[in-house]
Amino acid sequence: MKRPSAHSPDWALRVFVVVLCAWLLLPLGTVGAAEIVLPDFRVLAAQQGAAVVNISATQRSEAPVRMPFRLPELDESDPMFDFFRKFIPRTPDNPGLGADPEDRSLGSGFIIGADGYILTNAHVIEGAEEVLVRLADKREYDATVIGADVRSDIALLHIDAADLPHVVLGDPEALQVGEWVLAIGSPFGFEQSVTAGIVSAKGRSLPDENFVPFIQTDVAINPGNSGGPLFNLRGEVVGINSQIYSRTGGFMGLSFAIPIDVAMDVQAQLRTQGRVERGRIGVSIQEVTRDLADSFGLPRPAGALVSMVEPEGPAARAGVMQGDVIVRFNARVVESSADLPRIVAAARPGSRAQVEIYRGGVPEALEIEVGEWQDPEQAPEQAAAQGPAQAPNRLGLELAEPTAVQRRERGIESGLLVQRTQGPAARAEIVPGDLVLALVRKGQQIRLGKLTDFEHAVAGLAPGEQVTLLVHRGDGASFVSLRAAR
C-alpha cells in the first residue's frame, strides 16, 4: 500500500489532528507548571510551630474583651453549647452561656527571644488580671505584661523561662502582593492551627487605625488567631495577625496583619520606657483628588493637603499654612494622605524634620520641630448666623457674616457661615452651620471675612468652572471641590 508523502495535504492534515488532540488532552496543571506549583508548608509549619504560643487571659466580668461577633442563642441541650461556653468569651453583647464570674479570652502569640519575651495583640490581654501562656510542648507559664499599646494593638509579655525556641524576623517592605504567607495560631482555642494564603494588599488604612500600614491577606483568620505570627515562605515573621473584616464574625477572606517592623518598634519602647511616644506636627489633612490637584496647581494628585493648622503648633511655628500640600517628610515620600500620620508618628518628639511642601504650585522646603502626639478629643459645634445674608449663587451657597458674639464663641477671626445650600454645594455635602474660610480659584487662595470678599472671589464665575472651598466644621476643616452650575 502506498504511504502518503510528507508533503501531501492528507499527511499534513493527519499531523495537525494528532497535535491538536494531544494539546486538548493535556492536563490543565501541566501548562506553565513552573508558575503554578503550590508551595509545601510542611517543613515551615513543623519548624516554626514551636515558637507559637496559646494565650489565655482572665478578666473580671466588668472588663470584657472586645469581640467582633455575637454568640448564637443555644439551648443547654445543644451539642454546641459546651463548645461555645468553653472557647468563646463573654462581652456586653454576649452575656455568655451559663453564669461564670470570670471572663476568659483566648488568643495567640509568639516568642521573639530565647529569654521569654512574647508578642501578641493588646486586645487579647485587655483588662486581664491573669495571663497564662501555653507553649507548643504543653508547658504553661504565668506571664507578666510588660506593656501594651492600644493604638497599634501590640502587647509585650514575659515568662520566666530560658533557652526557648523563637522566631526569625523578616522584612515586611520586601513582601509583594500575591506572595504566599502562612499563619499559625489558636482559632477558637484549637492550638497550632495552620492556614495559608497570599498577600492581598499592603499599606492598608483602617478606620481609627491610621498609625499602622496593615498587610491585607486572604489567610483564614478567626477569633483566637489574634496575636499570632504571619510567616513568609522563608520562615520569617513579617506580621502579627490582628483583625478580620466580617459581617458574620467568621472569616470572609479579608484579614489584616500588623507589619513586624512596626510591632518591634513598639515593643522596644514598651520594654525600655513602658509607653510609646509618637510624633505630631499639628495639622489636619485630606487626600489630594484630581480636582484638588488642578485647583492647587499640582503636577499630579499626590501628597497630603493641609486643611487646618493648629495655632501655635509645630507646623504653624514652622510656617505651614492651610492649602499647603506636604509631599515629603524626612526624605520619605508622602504619596497619599494616609502616609503622613504614619511617617510623622514614627518621628521622635523633639527631633527636627525636613519637610517639602507645594504652595501655590511651587515647591518649598521647611524644617519642623516634631511635637508629641496626644489623643485628640473632638466636640461638635453648632451655630446659626445672625449677620447680613447673601442670596444663593452659581455655587448654591447662601452665606452670612457671623456676629461678633459668634466669632468669639467659635474662636474665629474670619469666615462666612452657611445658611442654606442647593445645587453644587448641596451635592458636595456642605450643610448649614458650616463655616467657609477661604475659596481657591485658578490656583489662588482667597480668605473670606466679609460677603464682599466672596462676591469678588466668584465674580465672573463661568458655568462648569471648578473652585475649591475651605470648609470648617466642628473642630476640623477640609477642602471641598465643586463646579459652578451651568
# chains A, B, ... in the order shown; residues from 1 in each chain; ligands from 1
>>> residues_around(residues="A:Thr58", least_positions_apart="6", cutoff="9 Å", atoms="only C-alpha atoms", output="MDAnalysis selection string")
chainID A and resid 102:105 125 127:132
>>> residues_around(residues="A:Val327", least_positions_apart="4", cutoff="9 Å", atoms="only C-alpha atoms", output="ChimeraX atom specification")
/A:302-305,332-336,340,355-358
>>> closest_residue(among="A:Asn225, A:Asn393, A:Ser478, A:Thr403", to="A:Pro463", atoms="only C-alpha atoms")
A:Asn393
>>> closest_atom_pairs(of="stretch 258-332 of chain A", to="stretch 191-204 of chain A", cutoff="12 Å", atoms="only C-alpha atoms", output="tab-separated table")
residue	atom	partner	partner_atom	distance
A:Ile258	CA	A:Gly203	CA	9.8
A:Pro259	CA	A:Gly203	CA	9.2
A:Val262	CA	A:Gly203	CA	11.8
>>> write_last_selection(atoms="N, CA and C atoms", output="mmCIF file, in the first residue's frame")
data_model
loop_
_atom_site.group_PDB
_atom_site.id
_atom_site.type_symbol
_atom_site.label_atom_id
_atom_site.label_comp_id
_atom_site.auth_asym_id
_atom_site.auth_seq_id
_atom_site.Cartn_x
_atom_site.Cartn_y
_atom_site.Cartn_z
ATOM 1 N N ILE A 258 -0.380 43.370 61.374
ATOM 2 C CA ILE A 258 0.480 44.498 61.691
ATOM 3 C C ILE A 258 1.890 44.159 61.218
ATOM 4 N N PRO A 259 2.514 44.981 60.401
ATOM 5 C CA PRO A 259 3.886 44.693 59.958
ATOM 6 C C PRO A 259 4.817 44.511 61.155
ATOM 7 N N VAL A 262 6.823 47.536 62.536
ATOM 8 C CA VAL A 262 6.033 48.427 63.392
ATOM 9 C C VAL A 262 5.926 47.844 64.798
#
